[in-house]
Amino acid sequence: MKDTTGLSRDEKEIKYQLSRELKIRRAKTNFWAFCQVLEPDFYKEDRKHLKILCDSLQGVYESTIINPLTNKPYRKIMINMPPRHGKSRTLILFCMWILGINTENRIISCSYNDDQASDFSRYVRDGIMQKKNLEYEVIFKDIFAKTKIKDGNASFQKWALDGQFFNYIGTGLQGSLTGKGAKVILSDDLVKDSEVAFNEIALDKIWQWYTGTFLSRKEQNCMEIMNMTRWSKKDPCGRILATKDSVNWLVLKMEAYNERTGKMLCDELLNKDDYDFMADPENFDNAIFRANYHQEPLDIKGQLYNFRNFYKEIPNDIVKTIAFADTADMGKDYLSIPVADVDSNDNLYIKDWLYTREPFEITENKTIELIKDNKIQEMLIESNSGGRQFARNIERLVQESRMYCLIDWFHQTENKIGRILSKSSNVESKVFFPEDFPIKYREVWGALLSFQKDGKNKNDDAPDSLTGLFEMVNNGSMAVWEM
């Protein structure tokens with residue numbers, strides 16, 4: 001065989017052109033090859049998780065992956081992968097590829113808001129419209145020369161190819177899809193983050209729109225793609241997996257680190273040192289980290305609270321307004337003061353919450369504002385670890401402001417975690433939150449819902465203060481009082 005170093009310039013050019021043509025031809029029929037041709041620096045042979053993703057998408061699209069439970073081809077695929085590992089990037093290329101294969105394909109994609117949906121749609125459109133920067137660069141139109149964006153029809157969210165009415169619509173949640181049908185529907189991150197995951201009302205609205213509006217756009221034999229981080233048992237993935245329809249889904253669940261084998265999913269995209277840093281509860285919230293990098297829903301493993309009581313209006317039989325203060329013991333702790341109206345049955349209706357790491361010289365004035373704004377009649381303050389001085393300062397400031405509020409303090413002798421755990425079911429039963437609480441007080445709400453039964457918690461200030469508030473009116477034991 002002739003050594004390549006002995007090839008003439010013309011022979012080298014012919015060999016290069018032949019190799020290039022073979023790659024282009026393969027890219028027309030193989031999605032993994034398509035990704036490698038367009039983005040060779042990202043879709044490398046050793047990134048096996050991307051190869052699995054690409055082959056799975058192509059297999060579901062072409063109906064070549066048989067479901068062993070139904071003996072029918074999968075037409076639905078669920079993708080749960082860590083951040084920055086290429087899932088959205090691959091889906092953008094997949095939309096480009098299937099439009100290149102068949103210009104009659106119609107795609108409807110949905111994201112958590114219009115901006116995200118517009119970005120996704122624009123990346124697909126711009127990929128098809130890309131122009132060469134370098135002579136030998138391979139771009140989309142080298143592979144699919146006949147697939148072109150229709151003139152005057154290249155908006156961000158809705159556009160068509162030559163000869164078609166429409167090929168792509170991208171919409172945010174609650175967007176209108178009247179009169180449009182699709183051969184491929186794609187859900188990309190319907191749950192934005194932990195804030196939404198902690199909001200049961202928001203999750204219900206997402207599910208209602210997904211099942212009532214989005215799925216109604218499916219045409220016969222439609223391919224369904226759902227791509228998202230597993231945030232909650234009540235996110236769309238969790239609800240699907242809890243139904244009989246779960247058997248019809250090909251589920252790709254990939255964790256950033258395999259705790260059984262000790263191997264990273266992809267060292268180049270996330271190495272073990274960076275993983276260990278994020279896994280440390282001192283650096284990142286552990287529950288949110290596990291959701292992102294291990295696809296463990298925030299509410300599926302060891303969650304203590306599952307609040308279901310919400311109100312639109314506070315009832316008329318309110319007997320008093322109270323507050324409980326858990327003062328900050330150390331620099332990383334929070335001053336946590338929930339405020340509630342108490343009805344004749346000792347139910348508590350949360351109406352405000354001061355939750356901050358600011359120093360006492362700032363929080364003392366904020367506490368006085370809290371008392372004034374909510375007309376608090378009784379406030380109980382834990383005197384442990386500096387709380388006694390805080391309580392006396394608050395009492396003095398209340399008197400100077402000529403407000404009526406009884407300020408008491410006490411030394412807590414009972415085990416904190418024991419109190420929180422033993423009274424959690426009663427707290428769930430007796431405490432009511434305003435409907436907008438998960439959004440308005442998202443940091444508190446996240447601290448409550450991410451609190452774990454096993455005690456591996458970054459802080460316990462929100463659950464501790466809520467338990468103390470409950471104990472004020474429901475026969476709680478307050479140990480040693482200091483009047």
# chains A, B, ... in the order shown; residues from 1 in each chain; ligands from 1
call {"tool": "residues_around", "arguments": {"residues": "Ile376 of chain A", "least_positions_apart": "3", "cutoff": "12 Å", "atoms": "only C-alpha atoms", "output": "list in words"}}
result
Val319, Lys320, Thr321, Ile322, Ala323, Phe324, Ile337, Pro338, Val339, Ala340, Asp341, Val342, Lys351, Asp352, Thr367, Ile368, Glu369, Leu370, Ile371, Lys372, Asp373, Met379, Leu380, Val398, Met403, Tyr404, Cys405, Leu406 and Ile407 of chain A
call {"tool": "residues_around", "arguments": {"residues": "segment 302-315 of chain A", "least_positions_apart": "3", "cutoff": "6 Å", "atoms": "only C-alpha atoms", "output": "list of chain:residue names"}}
result
A:Asp299, A:Glu428, A:Phe432, A:Phe433, A:Pro434, A:Glu435, A:Leu449, A:Phe451, A:Gln452, A:Lys453
call {"tool": "select_by_dssp", "arguments": {"residues": "segment 236-269 of chain A", "states": "strand (DSSP E or B)", "output": "number ranges by chain"}}
result
A: 249-253, 257-258, 263-264
call {"tool": "closest_residue", "arguments": {"among": "A:Glu358, A:Asp436, A:Asp126, A:Asp41", "to": "Cys95 of chain A", "atoms": "only C-alpha atoms"}}
result
A:Asp126
call {"tool": "closest_atom_pairs", "arguments": {"of": "segment 26-98 of chain A", "to": "segment 163-181 of chain A", "cutoff": "12 Å", "atoms": "only C-alpha atoms", "output": "Markdown table"}}
result
| residue | atom | partner | partner_atom | distance |
| --- | --- | --- | --- | --- |
| A:Ile92 | CA | A:Tyr168 | CA | 11.8 |
| A:Cys95 | CA | A:Tyr168 | CA | 9.1 |
| A:Met96 | CA | A:Tyr168 | CA | 10.3 |
| A:Ile98 | CA | A:Asn167 | CA | 10.8 |
call {"tool": "write_last_selection", "arguments": {"atoms": "N, CA, C and O atoms", "output": "JSON list (two decimals), in the first residue's frame"}}
result
[["chain", "number", "residue", "atom", "x", "y", "z"],
["A", 92, "ILE", "N", -31.46, 19.84, 19.61],
["A", 92, "ILE", "CA", -31.47, 20.87, 18.55],
["A", 92, "ILE", "C", -30.98, 20.25, 17.24],
["A", 92, "ILE", "O", -31.59, 20.43, 16.18],
["A", 95, "CYS", "N", -33.62, 17.88, 15.74],
["A", 95, "CYS", "CA", -34.68, 18.58, 15.01],
["A", 95, "CYS", "C", -34.19, 18.97, 13.61],
["A", 95, "CYS", "O", -34.92, 18.83, 12.62],
["A", 96, "MET", "N", -32.96, 19.45, 13.53],
["A", 96, "MET", "CA", -32.39, 19.78, 12.21],
["A", 96, "MET", "C", -32.32, 18.54, 11.32],
["A", 96, "MET", "O", -32.69, 18.59, 10.14],
["A", 98, "ILE", "N", -34.02, 15.60, 11.36],
["A", 98, "ILE", "CA", -35.27, 15.02, 10.86],
["A", 98, "ILE", "C", -35.96, 15.95, 9.86],
["A", 98, "ILE", "O", -36.69, 15.49, 8.98]]
call {"tool": "residues_around", "arguments": {"residues": "Leu269 of chain A", "least_positions_apart": "6", "cutoff": "12 Å", "atoms": "only C-alpha atoms", "output": "list in words"}}
result
Phe42, Tyr43, Lys44, Asp46, Arg47, His49, Leu50, Pro82, Pro83, Arg84, His85, Gly86, Ala256, Tyr257 and Tyr275 of chain A
call {"tool": "residues_around", "arguments": {"residues": "segment 288-291 of chain A", "least_positions_apart": "6", "cutoff": "7 Å", "atoms": "only C-alpha atoms", "output": "ChimeraX atom specification"}}
result
/A:194,229-231,279,297-298
call {"tool": "write_last_selection", "arguments": {"atoms": "N, CA, C and O atoms", "output": "PDB file, in the first residue's frame"}}
result
ATOM      1  N   SER A 194     -35.764  24.403  41.108  1.00  0.00           N
ATOM      2  CA  SER A 194     -36.280  23.911  42.384  1.00  0.00           C
ATOM      3  C   SER A 194     -37.429  24.765  42.903  1.00  0.00           C
ATOM      4  O   SER A 194     -38.310  24.274  43.617  1.00  0.00           O
ATOM      5  N   THR A 229     -34.771  17.635  33.888  1.00  0.00           N
ATOM      6  CA  THR A 229     -34.221  17.204  35.167  1.00  0.00           C
ATOM      7  C   THR A 229     -35.360  16.674  36.025  1.00  0.00           C
ATOM      8  O   THR A 229     -36.447  17.240  36.039  1.00  0.00           O
ATOM      9  N   ARG A 230     -35.102  15.586  36.749  1.00  0.00           N
ATOM     10  CA  ARG A 230     -36.121  15.033  37.628  1.00  0.00           C
ATOM     11  C   ARG A 230     -36.150  15.820  38.938  1.00  0.00           C
ATOM     12  O   ARG A 230     -35.339  15.641  39.817  1.00  0.00           O
ATOM     13  N   TRP A 231     -37.133  16.708  39.033  1.00  0.00           N
ATOM     14  CA  TRP A 231     -37.234  17.574  40.203  1.00  0.00           C
ATOM     15  C   TRP A 231     -38.176  17.036  41.271  1.00  0.00           C
ATOM     16  O   TRP A 231     -37.950  17.205  42.456  1.00  0.00           O
ATOM     17  N   ALA A 279     -20.947  18.187  45.552  1.00  0.00           N
ATOM     18  CA  ALA A 279     -21.625  17.200  46.399  1.00  0.00           C
ATOM     19  C   ALA A 279     -21.530  17.539  47.884  1.00  0.00           C
ATOM     20  O   ALA A 279     -22.297  17.013  48.697  1.00  0.00           O
ATOM     21  N   PRO A 297     -35.624  13.026  42.524  1.00  0.00           N
ATOM     22  CA  PRO A 297     -36.570  14.106  42.843  1.00  0.00           C
ATOM     23  C   PRO A 297     -36.404  14.604  44.270  1.00  0.00           C
ATOM     24  O   PRO A 297     -36.102  13.832  45.187  1.00  0.00           O
ATOM     25  N   LEU A 298     -36.608  15.895  44.438  1.00  0.00           N
ATOM     26  CA  LEU A 298     -36.444  16.518  45.750  1.00  0.00           C
ATOM     27  C   LEU A 298     -37.359  15.906  46.796  1.00  0.00           C
ATOM     28  O   LEU A 298     -37.036  15.881  47.980  1.00  0.00           O
TER      29      LEU A 298
END
call {"tool": "closest_residue", "arguments": {"among": "A:Leu190, A:Gln208, A:Phe120, A:Asn426", "to": "Glu471 of chain A", "atoms": "only C-alpha atoms"}}
result
A:Asn426
call {"tool": "closest_residue", "arguments": {"among": "A:Phe470, A:Tyr441, A:Phe284, A:Phe390", "to": "Leu354 of chain A", "atoms": "only C-alpha atoms"}}
result
A:Tyr441
call {"tool": "closest_atom_pairs", "arguments": {"of": "segment 235-312 of chain A", "to": "segment 73-79 of chain A", "cutoff": "9 Å", "atoms": "only C-alpha atoms", "output": "Markdown table"}}
result
| residue | atom | partner | partner_atom | distance |
| --- | --- | --- | --- | --- |
| A:Cys237 | CA | A:Met78 | CA | 7.6 |
| A:Asn248 | CA | A:Tyr74 | CA | 6.4 |
| A:Trp249 | CA | A:Lys76 | CA | 4.9 |
| A:Leu250 | CA | A:Ile77 | CA | 4.6 |
| A:Val251 | CA | A:Met78 | CA | 4.7 |
| A:Leu252 | CA | A:Ile79 | CA | 4.9 |
| A:Lys253 | CA | A:Ile79 | CA | 6.3 |
| A:Met254 | CA | A:Ile79 | CA | 8.3 |
call {"tool": "decode", "arguments": {"residues": "segment 175-188 of chain A", "atoms": "all heavy atoms", "output": "CSV table (one decimal), in the first residue's frame"}}
result
chain,number,residue,atom,x,y,z
A,175,GLY,N,-48.8,28.5,26.3
A,175,GLY,CA,-48.9,29.1,25.0
A,175,GLY,C,-50.0,28.5,24.2
A,175,GLY,O,-50.5,27.3,24.4
A,176,SER,N,-50.5,29.2,23.2
A,176,SER,CA,-51.6,28.8,22.3
A,176,SER,C,-51.1,27.9,21.2
A,176,SER,O,-50.1,28.3,20.5
A,176,SER,CB,-52.4,30.0,21.8
A,176,SER,OG,-53.4,29.5,20.9
A,177,LEU,N,-51.8,26.8,20.9
A,177,LEU,CA,-51.4,25.9,19.8
A,177,LEU,C,-52.6,25.5,18.9
A,177,LEU,O,-52.6,24.5,18.3
A,177,LEU,CB,-50.7,24.6,20.3
A,177,LEU,CG,-49.4,24.8,21.1
A,177,LEU,CD1,-49.0,23.5,21.7
A,177,LEU,CD2,-48.3,25.3,20.1
A,178,THR,N,-53.6,26.4,18.9
A,178,THR,CA,-54.8,26.1,18.2
A,178,THR,C,-54.6,25.8,16.7
A,178,THR,O,-53.9,26.5,16.0
A,178,THR,CB,-55.8,27.3,18.3
A,178,THR,OG1,-55.9,27.7,19.7
A,178,THR,CG2,-57.1,27.0,17.7
A,179,GLY,N,-55.2,24.7,16.3
A,179,GLY,CA,-55.2,24.3,14.9
A,179,GLY,C,-53.9,23.7,14.4
A,179,GLY,O,-53.7,23.5,13.2
A,180,LYS,N,-52.9,23.5,15.2
A,180,LYS,CA,-51.6,23.0,14.8
A,180,LYS,C,-51.4,21.5,15.2
A,180,LYS,O,-51.7,21.2,16.3
A,180,LYS,CB,-50.4,23.8,15.3
A,180,LYS,CG,-50.5,25.3,15.0
A,180,LYS,CD,-50.5,25.6,13.5
A,180,LYS,CE,-50.4,27.1,13.2
A,180,LYS,NZ,-51.6,27.8,13.6
A,181,GLY,N,-50.9,20.7,14.3
A,181,GLY,CA,-50.6,19.3,14.6
A,181,GLY,C,-49.2,19.0,14.3
A,181,GLY,O,-48.5,19.7,13.5
A,182,ALA,N,-48.7,18.0,15.0
A,182,ALA,CA,-47.2,17.7,14.9
A,182,ALA,C,-47.0,16.2,14.7
A,182,ALA,O,-47.7,15.4,15.3
A,182,ALA,CB,-46.5,18.2,16.1
A,183,LYS,N,-45.9,15.9,14.0
A,183,LYS,CA,-45.4,14.5,13.9
A,183,LYS,C,-44.4,14.2,15.0
A,183,LYS,O,-44.1,13.1,15.3
A,183,LYS,CB,-44.8,14.3,12.5
A,183,LYS,CG,-45.8,14.4,11.4
A,183,LYS,CD,-45.2,14.1,10.1
A,183,LYS,CE,-46.3,14.1,9.0
A,183,LYS,NZ,-45.8,13.8,7.6
A,184,VAL,N,-43.8,15.3,15.6
A,184,VAL,CA,-42.9,15.2,16.7
A,184,VAL,C,-43.2,16.3,17.7
A,184,VAL,O,-43.3,17.4,17.3
A,184,VAL,CB,-41.4,15.3,16.2
A,184,VAL,CG1,-40.4,15.3,17.4
A,184,VAL,CG2,-41.0,14.2,15.2
A,185,ILE,N,-43.4,15.9,19.0
A,185,ILE,CA,-43.6,16.9,20.0
A,185,ILE,C,-42.5,16.7,21.0
A,185,ILE,O,-42.1,15.6,21.4
A,185,ILE,CB,-45.0,16.8,20.7
A,185,ILE,CG1,-45.2,15.4,21.4
A,185,ILE,CG2,-46.1,17.1,19.7
A,185,ILE,CD1,-46.4,15.4,22.2
A,186,LEU,N,-41.9,17.8,21.4
A,186,LEU,CA,-40.7,17.8,22.3
A,186,LEU,C,-40.9,18.8,23.5
A,186,LEU,O,-41.2,19.9,23.3
A,186,LEU,CB,-39.5,18.3,21.4
A,186,LEU,CG,-38.1,18.2,21.9
A,186,LEU,CD1,-37.1,18.3,20.8
A,186,LEU,CD2,-37.8,19.2,23.0
A,187,SER,N,-40.8,18.2,24.6
A,187,SER,CA,-40.9,19.0,25.9
A,187,SER,C,-39.4,19.1,26.4
A,187,SER,O,-38.8,18.2,26.7
A,187,SER,CB,-41.7,18.3,26.9
A,187,SER,OG,-43.0,17.9,26.4
A,188,ASP,N,-39.0,20.4,26.6
A,188,ASP,CA,-37.6,20.7,27.0
A,188,ASP,C,-37.6,21.5,28.3
A,188,ASP,O,-38.0,22.7,28.3
A,188,ASP,CB,-36.9,21.4,25.9
A,188,ASP,CG,-35.4,21.7,26.3
A,188,ASP,OD1,-34.7,20.7,26.7
A,188,ASP,OD2,-35.0,22.8,26.2
